[in-house]
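Peer 1: My structure is in input.cif, and what it holds is mmCIF, C-alpha atoms:
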data_final
#
loop_
_atom_site.label_atom_id
_atom_site.label_comp_id
_atom_site.auth_asym_id
_atom_site.auth_seq_id
_atom_site.Cartn_x
_atom_site.Cartn_y
_atom_site.Cartn_z
CA MET R 1 0.00 0.00 0.00
CA GLN R 2 1.48 3.31 -1.02
CA PRO R 3 1.50 6.08 1.61
CA LYS R 4 -0.02 8.77 -0.62
CA PRO R 5 -1.58 8.95 -4.10
CA TRP R 6 0.82 8.90 -7.04
CA PRO R 7 1.16 12.27 -8.78
CA ALA R 8 -1.51 12.66 -11.49
CA ASP R 9 1.19 13.27 -14.14
CA TRP R 10 2.87 9.94 -13.43
CA MET R 11 -0.45 8.10 -13.49
CA ARG R 12 -1.35 9.70 -16.83
CA ALA R 13 1.92 8.50 -18.30
CA ALA R 14 1.84 4.95 -16.95
CA LEU R 15 -1.83 4.02 -16.80
CA SER R 16 -2.48 3.06 -20.42
CA LEU R 17 0.41 0.59 -20.45
CA CYS R 18 -0.69 -0.83 -17.08
CA VAL R 19 -4.28 -1.24 -18.29
CA LEU R 20 -3.01 -3.17 -21.31
CA ARG R 21 -0.98 -5.38 -18.98
CA THR R 22 -4.06 -6.03 -16.82
CA LEU R 23 -5.79 -7.43 -19.91
CA ALA R 24 -2.93 -9.83 -20.71
CA PRO R 25 -4.13 -12.83 -18.62
CA GLY R 26 -7.49 -12.97 -20.42
CA PRO R 27 -10.80 -11.19 -21.08
CA THR R 28 -11.96 -9.01 -18.22
CA TYR R 29 -14.43 -6.17 -17.53
CA GLY R 30 -14.26 -2.55 -16.36
CA TYR R 31 -14.60 -2.84 -12.61
CA ALA R 32 -12.34 -5.93 -12.49
CA ILE R 33 -9.61 -3.91 -14.29
CA ALA R 34 -9.99 -1.05 -11.80
CA THR R 35 -9.86 -3.48 -8.87
CA ALA R 36 -6.77 -5.24 -10.24
CA LEU R 37 -4.99 -1.90 -10.68
CA GLU R 38 -5.93 -0.83 -7.15
CA ALA R 39 -4.68 -4.15 -5.78
CA ALA R 40 -1.42 -3.62 -7.70
CA GLY R 41 -0.91 -0.37 -5.77
CA PHE R 42 -2.08 2.28 -8.24
CA GLY R 43 -4.87 3.58 -6.01
CA ALA R 44 -8.55 3.85 -6.93
CA ILE R 45 -9.09 4.20 -10.69
CA LYS R 46 -12.24 6.08 -11.66
CA GLY R 47 -14.59 4.97 -14.42
CA GLY R 48 -14.13 8.38 -16.00
CA THR R 49 -10.41 7.64 -16.38
CA LEU R 50 -10.63 3.97 -17.36
CA TYR R 51 -13.33 3.89 -20.03
CA PRO R 52 -11.94 6.65 -22.28
CA LEU R 53 -8.65 4.65 -22.34
CA LEU R 54 -10.47 1.43 -23.19
CA THR R 55 -12.43 3.21 -25.93
CA ARG R 56 -9.18 4.54 -27.36
CA PHE R 57 -7.60 1.03 -27.34
CA GLU R 58 -10.71 -0.38 -29.03
CA THR R 59 -10.51 2.27 -31.77
CA ALA R 60 -6.79 1.52 -32.22
CA GLY R 61 -7.62 -2.19 -32.58
CA TRP R 62 -5.55 -3.20 -29.52
CA ILE R 63 -8.51 -4.68 -27.70
CA ALA R 64 -11.78 -6.32 -28.71
CA ALA R 65 -14.98 -5.94 -26.70
CA GLU R 66 -17.81 -8.37 -26.21
CA TRP R 67 -21.01 -8.13 -24.15
CA ARG R 68 -21.65 -11.17 -22.02
CA PRO R 69 -24.92 -11.74 -20.17
CA GLY R 70 -24.60 -11.48 -16.39
CA ALA R 71 -25.85 -14.20 -14.06
CA GLY R 72 -29.22 -12.77 -13.00
CA GLY R 73 -27.96 -9.21 -13.38
CA PRO R 74 -27.18 -6.89 -16.26
CA GLY R 75 -24.57 -7.93 -18.81
CA ARG R 76 -20.92 -6.96 -18.68
CA LYS R 77 -18.63 -5.72 -21.42
CA TYR R 78 -15.53 -7.92 -21.54
CA PHE R 79 -12.33 -6.64 -23.10
CA SER R 80 -9.57 -8.85 -24.50
CA LEU R 81 -6.21 -8.11 -26.12
CA THR R 82 -6.03 -8.57 -29.88
CA ASP R 83 -2.82 -9.72 -31.58
CA ASP R 84 -2.02 -6.06 -32.29
CA GLY R 85 -2.67 -5.24 -28.64
CA GLN R 86 -0.37 -8.05 -27.51
CA GLN R 87 2.35 -6.71 -29.80
CA GLU R 88 1.75 -3.16 -28.54
CA LEU R 89 2.01 -4.35 -24.93
CA THR R 90 5.30 -6.15 -25.61
CA ASP R 91 6.78 -3.12 -27.45
CA GLN R 92 5.59 -0.54 -24.93
CA ALA R 93 6.68 -2.63 -21.94
CA ALA R 94 10.21 -2.96 -23.36
CA HIS R 95 10.31 0.75 -24.14
CA TRP R 96 9.02 1.66 -20.68
CA GLN R 97 11.70 -0.54 -19.10
CA LEU R 98 14.33 1.46 -20.98
CA PHE R 99 12.74 4.74 -19.89
CA SER R 100 12.46 3.61 -16.29
CA THR R 101 16.13 2.53 -16.27
CA THR R 102 17.13 5.89 -17.78
CA VAL R 103 15.23 7.78 -15.07
CA HIS R 104 16.61 5.54 -12.33
CA ASP R 105 20.21 5.82 -13.54
CA HIS R 106 19.90 9.58 -13.78
CA LEU R 107 18.50 9.84 -10.26
CA GLN R 108 21.29 7.65 -8.89
CA LYS R 109 24.05 9.88 -10.21
CA GLY R 110 25.99 11.86 -7.63
CA PRO R 111 26.26 15.67 -7.90
CA ALA R 112 29.73 15.44 -9.48
CA GLU R 113 28.61 13.07 -12.25
CA SER R 114 25.57 15.07 -13.22
CA LEU R 115 27.55 18.25 -13.85
CA MET K 1 -37.87 14.26 11.03
CA THR K 2 -36.18 11.16 9.71
CA SER K 3 -34.35 8.83 12.05
CA ASN K 4 -30.65 8.35 11.56
CA PRO K 5 -29.96 4.62 11.62
CA ARG K 6 -26.52 5.28 13.08
CA ASP K 7 -27.87 7.01 16.17
CA PRO K 8 -27.71 4.75 19.21
CA ASP K 9 -31.22 4.61 20.61
CA ASN K 10 -31.67 2.68 23.84
CA SER K 11 -35.45 2.81 23.71
CA MET K 12 -35.40 0.94 20.43
CA SER K 13 -35.28 -2.82 20.49
CA GLY K 14 -32.50 -4.59 18.58
CA SER K 15 -34.69 -5.71 15.71
CA ALA K 16 -36.37 -2.30 15.34
CA GLU K 17 -32.95 -0.72 15.15
CA ALA K 18 -31.89 -3.20 12.50
CA ASP K 19 -35.09 -2.49 10.55
CA ALA K 20 -34.47 1.26 10.74
CA ARG K 21 -30.90 0.75 9.60
CA ALA K 22 -32.03 -1.42 6.69
CA ALA K 23 -34.64 1.19 5.75
CA GLY K 24 -31.97 3.90 5.86
CA ILE K 25 -29.70 1.87 3.60
CA ARG K 26 -32.59 1.20 1.21
CA LEU K 27 -33.41 4.91 1.12
CA ALA K 28 -29.80 5.84 0.33
CA GLU K 29 -29.70 3.11 -2.31
CA THR K 30 -32.89 4.38 -3.97
CA GLU K 31 -31.55 7.91 -3.98
CA ARG K 32 -28.27 6.76 -5.55
CA GLU K 33 -30.15 4.81 -8.23
CA ALA K 34 -32.25 7.85 -9.08
CA THR K 35 -29.13 10.02 -9.34
CA THR K 36 -27.44 7.38 -11.52
CA THR K 37 -30.45 7.15 -13.85
CA ALA K 38 -30.62 10.94 -14.23
CA TRP K 39 -26.85 11.07 -14.86
CA LEU K 40 -27.05 8.34 -17.54
CA GLU K 41 -29.95 10.14 -19.25
CA GLN K 42 -27.90 13.31 -19.33
CA LEU K 43 -24.94 11.36 -20.77
CA THR K 44 -27.21 10.01 -23.53
CA LEU K 45 -28.27 13.56 -24.36
CA GLU K 46 -24.68 14.87 -24.41
CA LEU K 47 -23.53 12.05 -26.71
CA ARG K 48 -26.49 12.74 -29.02
CA LEU K 49 -25.50 16.40 -29.17
CA LEU K 50 -22.04 15.25 -30.30
CA ASP K 51 -23.66 13.24 -33.16
CA VAL K 52 -22.39 9.94 -31.79
CA PRO K 53 -24.24 7.03 -33.49
CA GLY K 54 -26.99 5.32 -31.50
CA ASP K 55 -25.27 1.96 -31.02
CA ALA K 56 -22.13 3.64 -29.62
CA ILE K 57 -24.30 5.71 -27.25
CA GLY K 58 -26.05 2.57 -26.03
CA ASP K 59 -22.71 0.88 -25.51
CA ALA K 60 -21.18 3.81 -23.58
CA VAL K 61 -24.24 4.22 -21.35
CA ALA K 62 -24.46 0.49 -20.62
CA SER K 63 -20.72 0.36 -19.77
CA ALA K 64 -21.04 3.28 -17.37
CA ARG K 65 -24.11 1.71 -15.75
CA GLU K 66 -22.26 -1.61 -15.38
CA PHE K 67 -19.28 0.08 -13.69
CA LEU K 68 -21.54 2.05 -11.33
CA ILE K 69 -23.48 -1.06 -10.30
CA ASP K 70 -20.24 -3.03 -9.80
CA SER K 71 -18.42 -0.33 -7.85
CA GLY K 72 -21.39 1.14 -5.97
CA ALA K 73 -19.89 4.57 -6.64
CA ARG K 74 -21.82 7.75 -7.36
CA ALA K 75 -21.95 8.62 -11.06
CA ASP K 76 -20.60 12.17 -10.75
CA GLU K 77 -17.77 11.06 -8.43
CA SER K 78 -16.64 8.22 -10.70
CA PHE K 79 -17.25 9.80 -14.12
CA GLY K 80 -17.42 13.56 -13.54
CA SER K 81 -20.10 15.57 -15.33
CA PRO K 82 -21.96 13.87 -18.22
CA LYS K 83 -20.79 16.64 -20.56
CA SER K 84 -17.08 16.25 -19.75
CA TYR K 85 -17.29 12.43 -19.81
CA ALA K 86 -19.04 12.50 -23.21
CA ALA K 87 -16.21 14.70 -24.54
CA LYS K 88 -13.49 12.52 -22.92
CA LEU K 89 -14.84 9.36 -24.57
CA ASP K 90 -14.05 10.96 -27.93
CA LEU K 91 -16.35 8.56 -29.81
CA PRO K 92 -16.52 8.68 -33.62
CA THR K 93 -19.45 10.74 -34.93
CA VAL K 94 -21.76 10.15 -37.89
CA PRO K 95 -21.74 12.62 -40.75
CA LEU K 96 -25.14 12.94 -42.49
CA ALA K 97 -25.37 9.93 -44.85
CA GLN K 98 -25.23 10.64 -48.58
CA GLY K 99 -28.80 9.39 -49.11
CA ALA K 100 -30.14 11.45 -46.21
CA LYS K 101 -28.41 14.54 -47.58
CA GLY K 102 -30.03 13.94 -51.02
CA ASN K 103 -33.48 13.58 -49.44
CA LEU K 104 -32.99 16.74 -47.42
CA LEU K 105 -31.99 18.71 -50.53
CA LEU K 106 -34.92 17.31 -52.52
CA ASN K 107 -37.44 18.19 -49.78
CA SER K 108 -36.05 21.69 -49.25
CA GLY K 109 -35.82 22.26 -53.01
CA MET K 110 -39.45 21.28 -53.56
CA GLY K 111 -40.46 23.53 -50.69
CA ALA K 112 -38.56 26.48 -52.17
CA VAL K 113 -40.06 25.93 -55.66
CA GLY K 114 -43.52 25.78 -54.10
CA LEU K 115 -42.94 29.05 -52.29
CA VAL K 116 -41.78 30.80 -55.50
CA VAL K 117 -44.77 29.50 -57.47
CA LEU K 118 -47.15 30.60 -54.71
CA ALA K 119 -45.66 34.08 -54.55
CA GLN K 120 -45.86 34.38 -58.36
CA ALA K 121 -49.47 33.21 -58.47
CA VAL K 122 -51.03 35.25 -55.66
CA LEU K 123 -51.41 38.63 -57.40
CA PRO K 124 -52.43 37.40 -60.88
CA LEU K 125 -55.03 35.21 -59.21
CA ALA K 126 -56.47 38.21 -57.42
CA GLY K 127 -56.40 40.79 -60.25
CA GLY K 128 -55.76 39.14 -63.61
CA ASP K 129 -52.36 38.86 -65.28
CA ASP K 130 -52.40 41.79 -67.76
CA LEU K 131 -51.49 44.59 -65.41
CA LEU K 132 -48.03 46.10 -65.27
CA VAL K 133 -48.15 45.85 -61.49
CA VAL K 134 -48.46 42.07 -61.83
CA LYS K 135 -45.32 41.88 -63.97
CA VAL K 136 -43.40 44.09 -61.55
CA TRP K 137 -44.66 42.02 -58.61
CA MET K 138 -43.56 38.81 -60.36
CA LEU K 139 -40.09 40.19 -60.94
CA LEU K 140 -39.77 41.57 -57.42
CA SER K 141 -41.02 38.42 -55.71
CA LEU K 142 -38.73 36.24 -57.82
CA ALA K 143 -35.73 38.46 -57.02
CA GLY K 144 -36.70 38.52 -53.32
CA MET K 145 -37.00 34.77 -53.20
CA ILE K 146 -33.60 34.23 -54.86
CA LEU K 147 -32.01 36.71 -52.48
CA ALA K 148 -33.63 35.06 -49.46
CA LEU K 149 -32.45 31.61 -50.58
CA ALA K 150 -28.94 32.93 -51.15
CA LEU K 151 -28.87 34.41 -47.65
CA VAL K 152 -30.06 31.25 -45.87
CA PRO K 153 -26.59 29.68 -45.47
CA LEU K 154 -25.36 32.97 -44.00
CA LEU K 155 -28.27 33.52 -41.65
CA ILE K 156 -28.68 30.03 -40.20
CA PRO K 157 -25.29 29.90 -38.36
CA ARG K 158 -25.96 33.39 -36.90
CA TRP K 159 -29.42 32.43 -35.71
CA CYS K 160 -28.07 29.15 -34.35
CA ALA K 161 -25.26 30.93 -32.48
CA SER K 162 -27.70 33.41 -30.95
CA VAL K 163 -29.93 30.58 -29.72
CA GLN K 164 -27.11 28.34 -28.47
CA PRO K 165 -23.71 30.03 -28.24
CA GLY K 166 -20.83 27.84 -29.33
CA CYS K 167 -22.95 25.36 -31.30
CA CYS K 168 -21.43 26.23 -34.71
#
As structure tokens - that is how I would like this structure written.
Peer 2:
Amino acid sequence: MQPKPWPADWMRAALSLCVLRTLAPGPTYGYAIATALEAAGFGAIKGGTLYPLLTRFETAGWIAAEWRPGAGGPGRKYFSLTDDGQQELTDQAAHWQLFSTTVHDHLQKGPAESL
Amino acid sequence: MTSNPRDPDNSMSGSAEADARAAGIRLAETEREATTTAWLEQLTLELRLLDVPGDAIGDAVASAREFLIDSGARADESFGSPKSYAAKLDLPTVPLAQGAKGNLLLNSGMGAVGLVVLAQAVLPLAGGDDLLVVKVWMLLSLAGMILALALVPLLIPRWCASVQPGCC
């Protein structure tokens, strides 16, 4: 559990990649994605943040959506990664790793080195 | 005065207290459902104003409803205002279909021709068609009609902007 919310700027940068990653194990629906992200330590994700991202991924062809009837309740919209989405996740994850290492290395430098 | 189910009340028996608490929860639940329904209706309206196609509107509204039921959150807290959420979704919009545009032009064109014919026919019908005044009237009404038609594309955006600023 993180002590305080992550800065909004950092969340904006990282969230789309993390949402893609949440879809990797298999088809899942909106609230389950938000819950998984909260459990992973990202804090509460609002519907107003999540769905515009999912809509954007769907338009880009990275995810496919399918309505499934609920058991006794209303149906749920399940999202799954397409082949393009899987490729995008792999590429972005590798790129992010490089970025993260760059940031980390820079922060680790002593005052003398960074001059 | 309504009773607060959280208030400790010694005069109340255990089961009465539980009933009151359940009633309080039901009341809050009903209120939340009403707020959610109103919010979703407003979202539908906002998406319609953005010319989002009907199936995409249905999809967006059903998704939001699903999330709200699952999370138990209030619509405005989880999604913000219907207007801002509709804009954030950035859904593709429908331009007027080619067939619909043709029909619209045909209907308006027939209407305009009818108006011209009517204006041309009114005076001759009343006073015969030999008079000079009839010929002048025909020319004037024809010129007026052409001018009015030419001005329509200019006037409509102005009228529209005065009725609803920022619409066009």
Peer 1: Using all atoms listed in the file, which protein or nucleic acid residues come within 9 Å of R:Gly48? Drop anything in the same chain fewer than 5 positions from it, and give the result as a PyMOL selection string.
Peer 2: chain K and resi 64+77-80+85+88-89
Peer 1: Which of these, R:Arg68, R:His95, R:Lys109, R:Arg56, has the shortest distance to chain K once you count only C-alpha atoms?
Peer 2: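 Ranking R:Arg68, R:His95, R:Lys109, R:Arg56 by distance to chain K, first place goes to R:Arg56.
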Peer 1: Residues of chain R near chain K: apply a cut-off of 12 Å, count all atoms listed in the file, and supply the list as JSON, numbers by chain.
Peer 2: {"R": [29, 30, 31, 32, 33, 34, 35, 44, 45, 46, 47, 48, 49, 50, 51, 52, 53, 54, 55, 56, 57, 58, 59, 65, 66, 67, 68, 69, 70, 73, 74, 75, 76, 77, 78, 79]}
Peer 1: For K:Thr35, please output as a list in words all residues within 9 Å (counting only C-alpha atoms; exclusion window: fewer than 3 positions along the same chain).
Peer 2: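 My list of contacting residues is Thr30, Glu31, Arg32, Ala38, Trp39, Leu40, Arg74, Ala75 and Asp76 of chain K.
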Peer 1: Could you work out how far atom CA of R:Lys4 lies from atom CA of R:Gly41, giving the answer in Å with one decimal?
Peer 2: 10.5 Å
Peer 1: In Å, with one decimal, what is the gap from atom CA of R:Ala14 to atom CA of R:Leu89?
Peer 2: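 Taking atom CA of R:Ala14 as the start and atom CA of R:Leu89 as the end point, the length is 12.3 Å.
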Peer 1: Find the spatial neighbours of K:Ala121, counting only C-alpha atoms, within a cut-off of 12 Å - ignore same-chain residues fewer than 2 positions away - and output them as a VMD selection string.
Peer 2: chain K and resid 114 to 119 123 to 129 134 to 135 137 to 139 141 to 142
Peer 1: What does the distance from atom CA of K:Ile156 to atom CA of K:Thr44 come to in Å, to one decimal?
Peer 2: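 Rounded to one decimal, the two atoms are 26.1 Å apart.
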Peer 1: Report the residues retrieved by the PyMOL selection byres ((chain K and resi 46-54) around 6) from the displayed file, expressed as a PyMOL selection string.
Peer 2: chain K and resi 43-45+55-57+83+86+93-94
Peer 1: Selected by the PyMOL selection byres ((chain R and resi 23) around 9) in the shown coordinates: which residues, as JSON, numbers by chain?
Peer 2: {"R": [18, 19, 20, 21, 22, 24, 25, 26, 27, 28, 33, 63, 79, 80, 81]}
Peer 1: Padding 6 Å on every side, please: axis-aligned box over the listed atoms of stretch 38-55 of chain K, centre and edge lengths to one decimal in Å, as JSON.
Peer 2:
{"center_x": -26.3, "center_y": 9.2, "center_z": -23.9, "size_x": 20.6, "size_y": 26.4, "size_z": 31.3}
Peer 1: Where atoms are missing, can you supply N, CA and C atoms for stretch 38-52 of chain K and output the lot as a tab-separated table (two decimals), in the coordinates of the input?
Peer 2:
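Dumped to selection.tsv:
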chain	number	residue	atom	x	y	z
K	38	ALA	N	-30.59	9.57	-13.69
K	38	ALA	CA	-30.62	10.94	-14.23
K	38	ALA	C	-29.29	11.25	-14.92
K	39	TRP	N	-28.18	10.82	-14.30
K	39	TRP	CA	-26.85	11.07	-14.86
K	39	TRP	C	-26.70	10.36	-16.22
K	40	LEU	N	-27.17	9.10	-16.29
K	40	LEU	CA	-27.05	8.34	-17.54
K	40	LEU	C	-27.92	8.94	-18.64
K	41	GLU	N	-29.09	9.47	-18.25
K	41	GLU	CA	-29.95	10.14	-19.25
K	41	GLU	C	-29.26	11.38	-19.80
K	42	GLN	N	-28.62	12.10	-18.92
K	42	GLN	CA	-27.90	13.31	-19.33
K	42	GLN	C	-26.73	12.95	-20.25
K	43	LEU	N	-26.06	11.83	-19.92
K	43	LEU	CA	-24.94	11.36	-20.77
K	43	LEU	C	-25.45	11.03	-22.18
K	44	THR	N	-26.60	10.35	-22.24
K	44	THR	CA	-27.21	10.01	-23.53
K	44	THR	C	-27.42	11.28	-24.36
K	45	LEU	N	-27.97	12.29	-23.69
K	45	LEU	CA	-28.27	13.56	-24.36
K	45	LEU	C	-26.98	14.21	-24.88
K	46	GLU	N	-25.95	14.23	-24.02
K	46	GLU	CA	-24.68	14.87	-24.41
K	46	GLU	C	-24.05	14.15	-25.60
K	47	LEU	N	-24.12	12.81	-25.60
K	47	LEU	CA	-23.53	12.05	-26.71
K	47	LEU	C	-24.33	12.28	-27.99
K	48	ARG	N	-25.67	12.44	-27.85
K	48	ARG	CA	-26.49	12.74	-29.02
K	48	ARG	C	-26.11	14.09	-29.60
K	49	LEU	N	-25.87	15.06	-28.71
K	49	LEU	CA	-25.50	16.40	-29.17
K	49	LEU	C	-24.18	16.37	-29.94
K	50	LEU	N	-23.33	15.38	-29.61
K	50	LEU	CA	-22.04	15.25	-30.30
K	50	LEU	C	-22.17	14.43	-31.59
K	51	ASP	N	-23.42	14.05	-31.95
K	51	ASP	CA	-23.66	13.24	-33.16
K	51	ASP	C	-23.00	11.88	-33.11
K	52	VAL	N	-22.92	11.30	-31.91
K	52	VAL	CA	-22.39	9.94	-31.79
K	52	VAL	C	-23.51	8.99	-32.23
